[in-house]
>>> print(open('run27.cif').read())   # mmCIF, N, CA, C and O atoms
data_run
#
loop_
_atom_site.group_PDB
_atom_site.id
_atom_site.type_symbol
_atom_site.label_atom_id
_atom_site.label_comp_id
_atom_site.auth_asym_id
_atom_site.auth_seq_id
_atom_site.Cartn_x
_atom_site.Cartn_y
_atom_site.Cartn_z
ATOM 1 N N MET A 1 86.082 140.672 99.565
ATOM 2 C CA MET A 1 85.526 139.920 100.667
ATOM 3 C C MET A 1 84.177 139.318 100.272
ATOM 4 O O MET A 1 83.916 138.160 100.553
ATOM 5 N N LEU A 2 83.342 140.108 99.631
ATOM 6 C CA LEU A 2 82.023 139.641 99.240
ATOM 7 C C LEU A 2 82.111 138.552 98.176
ATOM 8 O O LEU A 2 81.337 137.603 98.187
ATOM 9 N N GLN A 3 83.100 138.677 97.272
ATOM 10 C CA GLN A 3 83.275 137.660 96.231
ATOM 11 C C GLN A 3 83.718 136.335 96.839
ATOM 12 O O GLN A 3 83.326 135.269 96.388
ATOM 13 N N THR A 4 84.520 136.400 97.881
ATOM 14 C CA THR A 4 84.983 135.180 98.530
ATOM 15 C C THR A 4 83.821 134.445 99.191
ATOM 16 O O THR A 4 83.721 133.227 99.120
ATOM 17 N N LEU A 5 82.931 135.190 99.828
ATOM 18 C CA LEU A 5 81.767 134.560 100.456
ATOM 19 C C LEU A 5 80.844 133.953 99.409
ATOM 20 O O LEU A 5 80.295 132.866 99.612
ATOM 21 N N ALA A 6 80.692 134.626 98.281
ATOM 22 C CA ALA A 6 79.846 134.096 97.220
ATOM 23 C C ALA A 6 80.452 132.819 96.642
ATOM 24 O O ALA A 6 79.737 131.862 96.333
ATOM 25 N N ALA A 7 81.769 132.783 96.513
ATOM 26 C CA ALA A 7 82.427 131.590 95.995
ATOM 27 C C ALA A 7 82.313 130.441 96.981
ATOM 28 O O ALA A 7 82.114 129.289 96.601
ATOM 29 N N ALA A 8 82.422 130.728 98.283
ATOM 30 C CA ALA A 8 82.313 129.684 99.290
ATOM 31 C C ALA A 8 80.892 129.135 99.359
ATOM 32 O O ALA A 8 80.684 127.951 99.612
ATOM 33 N N ALA A 9 79.909 129.977 99.129
ATOM 34 C CA ALA A 9 78.526 129.526 99.161
ATOM 35 C C ALA A 9 78.187 128.678 97.945
ATOM 36 O O ALA A 9 77.239 127.908 97.966
ATOM 37 N N GLY A 10 78.966 128.794 96.881
ATOM 38 C CA GLY A 10 78.686 128.048 95.664
ATOM 39 C C GLY A 10 79.354 126.695 95.598
ATOM 40 O O GLY A 10 79.383 126.070 94.546
ATOM 41 N N VAL A 11 79.885 126.189 96.698
ATOM 42 C CA VAL A 11 80.539 124.888 96.711
ATOM 43 C C VAL A 11 79.477 123.798 96.593
ATOM 44 O O VAL A 11 78.506 123.772 97.351
ATOM 45 N N HIS A 12 79.654 122.927 95.615
ATOM 46 C CA HIS A 12 78.710 121.829 95.414
ATOM 47 C C HIS A 12 79.459 120.510 95.580
ATOM 48 O O HIS A 12 80.658 120.444 95.431
ATOM 49 N N GLY A 13 78.733 119.468 95.871
ATOM 50 C CA GLY A 13 79.340 118.145 95.985
ATOM 51 C C GLY A 13 79.256 117.632 97.401
ATOM 52 O O GLY A 13 78.620 118.219 98.272
ATOM 53 N N SER A 14 79.917 116.532 97.619
ATOM 54 C CA SER A 14 79.862 115.874 98.911
ATOM 55 C C SER A 14 80.912 116.453 99.851
ATOM 56 O O SER A 14 82.109 116.443 99.547
ATOM 57 N N LEU A 15 80.465 116.948 100.967
ATOM 58 C CA LEU A 15 81.404 117.440 101.968
ATOM 59 C C LEU A 15 82.005 116.277 102.757
ATOM 60 O O LEU A 15 82.976 116.450 103.474
ATOM 61 N N GLY A 16 81.422 115.085 102.606
ATOM 62 C CA GLY A 16 81.972 113.908 103.268
ATOM 63 C C GLY A 16 83.365 113.566 102.762
ATOM 64 O O GLY A 16 84.225 113.145 103.520
ATOM 65 N N SER A 17 83.599 113.782 101.473
ATOM 66 C CA SER A 17 84.927 113.506 100.931
ATOM 67 C C SER A 17 85.952 114.488 101.483
ATOM 68 O O SER A 17 87.094 114.124 101.738
ATOM 69 N N LEU A 18 85.537 115.723 101.686
ATOM 70 C CA LEU A 18 86.431 116.702 102.305
ATOM 71 C C LEU A 18 86.716 116.303 103.748
ATOM 72 O O LEU A 18 87.849 116.388 104.220
ATOM 73 N N GLY A 19 85.677 115.851 104.436
ATOM 74 C CA GLY A 19 85.860 115.397 105.812
ATOM 75 C C GLY A 19 86.787 114.209 105.912
ATOM 76 O O GLY A 19 87.602 114.125 106.825
ATOM 77 N N TYR A 20 86.688 113.275 104.963
ATOM 78 C CA TYR A 20 87.586 112.129 104.987
ATOM 79 C C TYR A 20 89.016 112.561 104.727
ATOM 80 O O TYR A 20 89.940 112.053 105.344
ATOM 81 N N GLY A 21 89.199 113.495 103.825
ATOM 82 C CA GLY A 21 90.543 113.990 103.556
ATOM 83 C C GLY A 21 91.177 114.590 104.796
ATOM 84 O O GLY A 21 92.358 114.377 105.079
ATOM 85 N N LEU A 22 90.388 115.323 105.559
ATOM 86 C CA LEU A 22 90.910 115.887 106.801
ATOM 87 C C LEU A 22 91.101 114.811 107.861
ATOM 88 O O LEU A 22 92.045 114.861 108.653
ATOM 89 N N ALA A 23 90.217 113.814 107.883
ATOM 90 C CA ALA A 23 90.331 112.740 108.877
ATOM 91 C C ALA A 23 91.515 111.832 108.599
ATOM 92 O O ALA A 23 92.011 111.173 109.508
ATOM 93 N N ALA A 24 91.990 111.770 107.367
ATOM 94 C CA ALA A 24 93.115 110.895 107.025
ATOM 95 C C ALA A 24 94.444 111.465 107.504
ATOM 96 O O ALA A 24 95.447 110.745 107.510
ATOM 97 N N ILE A 25 94.461 112.713 107.910
ATOM 98 C CA ILE A 25 95.711 113.317 108.397
ATOM 99 C C ILE A 25 96.161 112.645 109.687
ATOM 100 O O ILE A 25 97.338 112.318 109.848
ATOM 101 N N GLY A 26 95.232 112.412 110.612
ATOM 102 C CA GLY A 26 95.576 111.824 111.909
ATOM 103 C C GLY A 26 96.212 110.450 111.808
ATOM 104 O O GLY A 26 97.301 110.227 112.343
ATOM 105 N N PRO A 27 95.575 109.495 111.128
ATOM 106 C CA PRO A 27 96.207 108.181 110.997
ATOM 107 C C PRO A 27 97.521 108.227 110.218
ATOM 108 O O PRO A 27 98.431 107.455 110.506
ATOM 109 N N GLY A 28 97.616 109.137 109.265
ATOM 110 C CA GLY A 28 98.879 109.251 108.520
ATOM 111 C C GLY A 28 100.026 109.681 109.418
ATOM 112 O O GLY A 28 101.122 109.130 109.358
ATOM 113 N N VAL A 29 99.762 110.645 110.266
ATOM 114 C CA VAL A 29 100.779 111.092 111.225
ATOM 115 C C VAL A 29 101.078 109.972 112.227
ATOM 116 O O VAL A 29 102.237 109.728 112.578
ATOM 117 N N GLY A 30 100.029 109.285 112.670
ATOM 118 C CA GLY A 30 100.217 108.198 113.629
ATOM 119 C C GLY A 30 101.083 107.071 113.086
ATOM 120 O O GLY A 30 101.956 106.560 113.774
ATOM 121 N N VAL A 31 100.854 106.691 111.833
ATOM 122 C CA VAL A 31 101.664 105.635 111.217
ATOM 123 C C VAL A 31 103.114 106.079 111.093
ATOM 124 O O VAL A 31 104.044 105.302 111.350
ATOM 125 N N GLY A 32 103.327 107.331 110.743
ATOM 126 C CA GLY A 32 104.700 107.843 110.659
ATOM 127 C C GLY A 32 105.408 107.811 111.998
ATOM 128 O O GLY A 32 106.588 107.445 112.086
ATOM 129 N N ILE A 33 104.707 108.176 113.047
ATOM 130 C CA ILE A 33 105.299 108.154 114.389
ATOM 131 C C ILE A 33 105.601 106.717 114.814
ATOM 132 O O ILE A 33 106.668 106.434 115.375
ATOM 133 N N ILE A 34 104.664 105.807 114.544
ATOM 134 C CA ILE A 34 104.861 104.408 114.940
ATOM 135 C C ILE A 34 106.108 103.825 114.293
ATOM 136 O O ILE A 34 106.967 103.243 114.959
ATOM 137 N N PHE A 35 106.226 103.973 112.980
ATOM 138 C CA PHE A 35 107.356 103.344 112.299
ATOM 139 C C PHE A 35 108.660 104.104 112.518
ATOM 140 O O PHE A 35 109.730 103.503 112.541
ATOM 141 N N GLY A 36 108.578 105.414 112.716
ATOM 142 C CA GLY A 36 109.788 106.176 113.036
ATOM 143 C C GLY A 36 110.370 105.770 114.372
ATOM 144 O O GLY A 36 111.574 105.517 114.500
ATOM 145 N N ASN A 37 109.511 105.703 115.384
ATOM 146 C CA ASN A 37 109.985 105.305 116.711
ATOM 147 C C ASN A 37 110.351 103.824 116.751
ATOM 148 O O ASN A 37 111.259 103.431 117.490
ATOM 149 N N GLY A 38 109.662 103.007 115.964
ATOM 150 C CA GLY A 38 110.025 101.591 115.899
ATOM 151 C C GLY A 38 111.401 101.380 115.298
ATOM 152 O O GLY A 38 112.170 100.527 115.754
ATOM 153 N N THR A 39 111.715 102.164 114.284
ATOM 154 C CA THR A 39 113.050 102.073 113.673
ATOM 155 C C THR A 39 114.127 102.501 114.659
ATOM 156 O O THR A 39 115.189 101.867 114.745
ATOM 157 N N GLN A 40 113.871 103.549 115.431
ATOM 158 C CA GLN A 40 114.830 103.972 116.450
ATOM 159 C C GLN A 40 114.994 102.891 117.522
ATOM 160 O O GLN A 40 116.110 102.630 117.980
ATOM 161 N N ALA A 41 113.885 102.270 117.913
ATOM 162 C CA ALA A 41 113.965 101.227 118.933
ATOM 163 C C ALA A 41 114.746 100.020 118.427
ATOM 164 O O ALA A 41 115.522 99.414 119.171
ATOM 165 N N LEU A 42 114.546 99.666 117.151
ATOM 166 C CA LEU A 42 115.305 98.544 116.584
ATOM 167 C C LEU A 42 116.793 98.860 116.503
ATOM 168 O O LEU A 42 117.631 97.968 116.670
ATOM 169 N N ALA A 43 117.117 100.120 116.251
ATOM 170 C CA ALA A 43 118.527 100.497 116.189
ATOM 171 C C ALA A 43 119.170 100.462 117.572
ATOM 172 O O ALA A 43 120.347 100.131 117.706
ATOM 173 N N ARG A 44 118.393 100.780 118.597
ATOM 174 C CA ARG A 44 118.950 100.797 119.951
ATOM 175 C C ARG A 44 119.011 99.410 120.581
ATOM 176 O O ARG A 44 119.925 99.111 121.341
ATOM 177 N N GLN A 45 117.996 98.572 120.312
ATOM 178 C CA GLN A 45 117.952 97.239 120.907
ATOM 179 C C GLN A 45 117.585 96.206 119.846
ATOM 180 O O GLN A 45 116.437 95.774 119.744
ATOM 181 N N PRO A 46 118.547 95.795 119.045
ATOM 182 C CA PRO A 46 118.230 94.828 117.989
ATOM 183 C C PRO A 46 117.802 93.456 118.523
ATOM 184 O O PRO A 46 117.123 92.715 117.828
ATOM 185 N N GLU A 47 118.141 93.151 119.759
ATOM 186 C CA GLU A 47 117.755 91.846 120.309
ATOM 187 C C GLU A 47 116.258 91.777 120.612
ATOM 188 O O GLU A 47 115.713 90.689 120.774
ATOM 189 N N ALA A 48 115.577 92.911 120.681
ATOM 190 C CA ALA A 48 114.139 92.932 120.953
ATOM 191 C C ALA A 48 113.337 93.133 119.675
ATOM 192 O O ALA A 48 112.225 93.632 119.714
ATOM 193 N N ALA A 49 113.888 92.717 118.553
ATOM 194 C CA ALA A 49 113.262 92.986 117.254
ATOM 195 C C ALA A 49 111.878 92.352 117.135
ATOM 196 O O ALA A 49 110.955 92.975 116.601
ATOM 197 N N GLY A 50 111.696 91.139 117.638
ATOM 198 C CA GLY A 50 110.403 90.475 117.520
ATOM 199 C C GLY A 50 109.299 91.206 118.273
ATOM 200 O O GLY A 50 108.197 91.414 117.748
ATOM 201 N N LEU A 51 109.576 91.620 119.493
ATOM 202 C CA LEU A 51 108.596 92.330 120.303
ATOM 203 C C LEU A 51 108.287 93.705 119.713
ATOM 204 O O LEU A 51 107.121 94.114 119.645
ATOM 205 N N ILE A 52 109.318 94.397 119.279
ATOM 206 C CA ILE A 52 109.126 95.734 118.693
ATOM 207 C C ILE A 52 108.308 95.636 117.421
ATOM 208 O O ILE A 52 107.376 96.422 117.203
ATOM 209 N N ARG A 53 108.619 94.684 116.578
ATOM 210 C CA ARG A 53 107.893 94.536 115.316
ATOM 211 C C ARG A 53 106.431 94.159 115.556
ATOM 212 O O ARG A 53 105.533 94.655 114.876
ATOM 213 N N ALA A 54 106.182 93.312 116.554
ATOM 214 C CA ALA A 54 104.796 92.941 116.874
ATOM 215 C C ALA A 54 104.010 94.163 117.354
ATOM 216 O O ALA A 54 102.855 94.361 116.958
ATOM 217 N N ASN A 55 104.627 94.993 118.179
ATOM 218 C CA ASN A 55 103.957 96.202 118.655
ATOM 219 C C ASN A 55 103.749 97.205 117.526
ATOM 220 O O ASN A 55 102.740 97.914 117.506
ATOM 221 N N GLN A 56 104.684 97.264 116.577
ATOM 222 C CA GLN A 56 104.514 98.144 115.422
ATOM 223 C C GLN A 56 103.314 97.714 114.590
ATOM 224 O O GLN A 56 102.514 98.552 114.173
ATOM 225 N N ILE A 57 103.181 96.428 114.348
ATOM 226 C CA ILE A 57 102.078 95.938 113.526
ATOM 227 C C ILE A 57 100.746 96.177 114.227
ATOM 228 O O ILE A 57 99.757 96.576 113.591
ATOM 229 N N LEU A 58 100.696 95.996 115.534
ATOM 230 C CA LEU A 58 99.472 96.247 116.289
ATOM 231 C C LEU A 58 99.088 97.728 116.244
ATOM 232 O O LEU A 58 97.927 98.079 116.000
ATOM 233 N N GLY A 59 100.059 98.601 116.446
ATOM 234 C CA GLY A 59 99.791 100.041 116.372
ATOM 235 C C GLY A 59 99.368 100.470 114.988
ATOM 236 O O GLY A 59 98.488 101.322 114.821
ATOM 237 N N PHE A 60 99.993 99.895 113.967
ATOM 238 C CA PHE A 60 99.622 100.205 112.589
ATOM 239 C C PHE A 60 98.180 99.788 112.303
ATOM 240 O O PHE A 60 97.424 100.528 111.674
ATOM 241 N N ALA A 61 97.786 98.630 112.804
ATOM 242 C CA ALA A 61 96.415 98.152 112.585
ATOM 243 C C ALA A 61 95.406 99.082 113.241
ATOM 244 O O ALA A 61 94.358 99.385 112.655
ATOM 245 N N PHE A 62 95.696 99.573 114.445
ATOM 246 C CA PHE A 62 94.786 100.499 115.106
ATOM 247 C C PHE A 62 94.680 101.824 114.358
ATOM 248 O O PHE A 62 93.597 102.385 114.223
ATOM 249 N N CYS A 63 95.801 102.328 113.872
ATOM 250 C CA CYS A 63 95.778 103.592 113.120
ATOM 251 C C CYS A 63 95.005 103.433 111.813
ATOM 252 O O CYS A 63 94.238 104.315 111.428
ATOM 253 N N GLU A 64 95.195 102.332 111.134
ATOM 254 C CA GLU A 64 94.479 102.122 109.875
ATOM 255 C C GLU A 64 92.995 101.884 110.111
ATOM 256 O O GLU A 64 92.171 102.230 109.264
ATOM 257 N N ALA A 65 92.641 101.320 111.264
ATOM 258 C CA ALA A 65 91.223 101.163 111.584
ATOM 259 C C ALA A 65 90.562 102.526 111.704
ATOM 260 O O ALA A 65 89.428 102.720 111.255
ATOM 261 N N LEU A 66 91.260 103.499 112.274
ATOM 262 C CA LEU A 66 90.713 104.852 112.354
ATOM 263 C C LEU A 66 90.509 105.440 110.968
ATOM 264 O O LEU A 66 89.508 106.112 110.708
ATOM 265 N N ALA A 67 91.445 105.193 110.063
ATOM 266 C CA ALA A 67 91.308 105.703 108.704
ATOM 267 C C ALA A 67 90.128 105.057 107.998
ATOM 268 O O ALA A 67 89.382 105.732 107.272
ATOM 269 N N LEU A 68 89.923 103.781 108.199
ATOM 270 C CA LEU A 68 88.797 103.100 107.558
ATOM 271 C C LEU A 68 87.457 103.561 108.128
ATOM 272 O O LEU A 68 86.471 103.679 107.402
ATOM 273 N N ILE A 69 87.421 103.832 109.420
ATOM 274 C CA ILE A 69 86.197 104.370 110.011
ATOM 275 C C ILE A 69 85.895 105.735 109.410
ATOM 276 O O ILE A 69 84.745 106.049 109.082
ATOM 277 N N GLY A 70 86.925 106.547 109.227
ATOM 278 C CA GLY A 70 86.731 107.851 108.600
ATOM 279 C C GLY A 70 86.276 107.739 107.159
ATOM 280 O O GLY A 70 85.557 108.601 106.652
ATOM 281 N N LEU A 71 86.674 106.682 106.474
ATOM 282 C CA LEU A 71 86.256 106.474 105.091
ATOM 283 C C LEU A 71 84.787 106.062 105.019
ATOM 284 O O LEU A 71 84.058 106.477 104.124
ATOM 285 N N VAL A 72 84.326 105.284 105.975
ATOM 286 C CA VAL A 72 82.979 104.739 105.943
ATOM 287 C C VAL A 72 81.937 105.750 106.437
ATOM 288 O O VAL A 72 80.803 105.760 105.968
ATOM 289 N N MET A 73 82.296 106.621 107.364
ATOM 290 C CA MET A 73 81.328 107.517 107.974
ATOM 291 C C MET A 73 80.580 108.416 106.986
ATOM 292 O O MET A 73 79.377 108.616 107.154
ATOM 293 N N PRO A 74 81.211 108.970 105.942
ATOM 294 C CA PRO A 74 80.407 109.760 104.997
ATOM 295 C C PRO A 74 79.314 108.945 104.315
ATOM 296 O O PRO A 74 78.258 109.472 104.000
ATOM 297 N N PHE A 75 79.548 107.646 104.097
ATOM 298 C CA PHE A 75 78.528 106.807 103.484
ATOM 299 C C PHE A 75 77.418 106.463 104.481
ATOM 300 O O PHE A 75 76.268 106.302 104.100
ATOM 301 N N VAL A 76 77.782 106.345 105.757
ATOM 302 C CA VAL A 76 76.784 106.005 106.767
ATOM 303 C C VAL A 76 75.828 107.166 106.984
ATOM 304 O O VAL A 76 74.604 107.005 107.017
ATOM 305 N N TYR A 77 76.378 108.364 107.122
ATOM 306 C CA TYR A 77 75.549 109.527 107.427
ATOM 307 C C TYR A 77 75.025 110.228 106.186
ATOM 308 O O TYR A 77 74.111 111.024 106.270
ATOM 309 N N GLY A 78 75.615 109.949 105.014
ATOM 310 C CA GLY A 78 75.113 110.430 103.731
ATOM 311 C C GLY A 78 74.839 111.915 103.669
ATOM 312 O O GLY A 78 73.710 112.345 103.750
ATOM 313 N N THR A 79 75.893 112.702 103.515
ATOM 314 C CA THR A 79 75.710 114.153 103.438
ATOM 315 C C THR A 79 75.085 114.580 102.150
ATOM 316 O O THR A 79 75.134 113.993 101.142
#
>>> encode(input="run27.cif", output="structure tokens")
Amino acid sequence: MLQTLAAAAGVHGSLGSLGYGLAAIGPGVGVGIIFGNGTQALARQPEAAGLIRANQILGFAFCEALALIGLVMPFVYGT
């Protein structure tokens, strides 16, 4: 137990990169949900392909914006 605490205290480097790695999980899951449900919607209603695809691209852009914000924040706050 004591060795584990000593090893954890000896972590060096930027914790911002660790934070970004954890922050990238959310947008990754979101993109998977968007395209998974979009594929199901296209299979059920192929006549609405244009509307579904437009909504997929909009949702993808919002999810990727969250990932980019997570990438920039460690540089802004400079840990």
>>> atom_distance(input="run27.cif", atom1="CA of Ala24 in chain A", atom2="atom N of Ala67 in chain A")
6.7 Å
>>> atom_distance(input="run27.cif", atom1="CA of Ala61 in chain A", atom2="atom C of Leu18 in chain A")
22.4 Å
>>> atom_distance(input="run27.cif", atom1="CA of Ser17 in chain A", atom2="CA of Leu66 in chain A")
15.5 Å
>>> closest_residue(input="run27.cif", among="A:Leu42, A:Val29, A:Ile34, A:Leu71", to="Gly59 in chain A", atoms="only C-alpha atoms")
A:Ile34
>>> resolve_selection(input="run27.cif", expression="the PyMOL selection byres (((chain A and resi 19-21 and name CA) around 12) and name CA)", output="list of chain:residue names")
A:Ser14, A:Leu15, A:Gly16, A:Ser17, A:Leu18, A:Leu22, A:Ala23, A:Ala24, A:Ile25, A:Gly26, A:Pro27, A:Gly28, A:Leu66, A:Ala67, A:Leu68, A:Ile69, A:Gly70, A:Leu71, A:Val72, A:Met73, A:Pro74, A:Phe75, A:Tyr77, A:Thr79
>>> residues_around(input="run27.cif", residues="Gln56 in chain A", least_positions_apart="4", cutoff="8 Å", atoms="only N, CA, C and O atoms", output="list in words")
Val31, Ile34, Phe35, Gly38, Ala49, Gly50, Leu51, Ile52, Phe60, Ala61, Phe62 and Cys63 of chain A
>>> axis_aligned_box(input="run27.cif", around="range 28-36 of chain A", padding_each_side="6 Å", output="JSON")
{"center_x": 104.6, "center_y": 107.2, "center_z": 111.9, "size_x": 26.0, "size_y": 19.8, "size_z": 18.9}
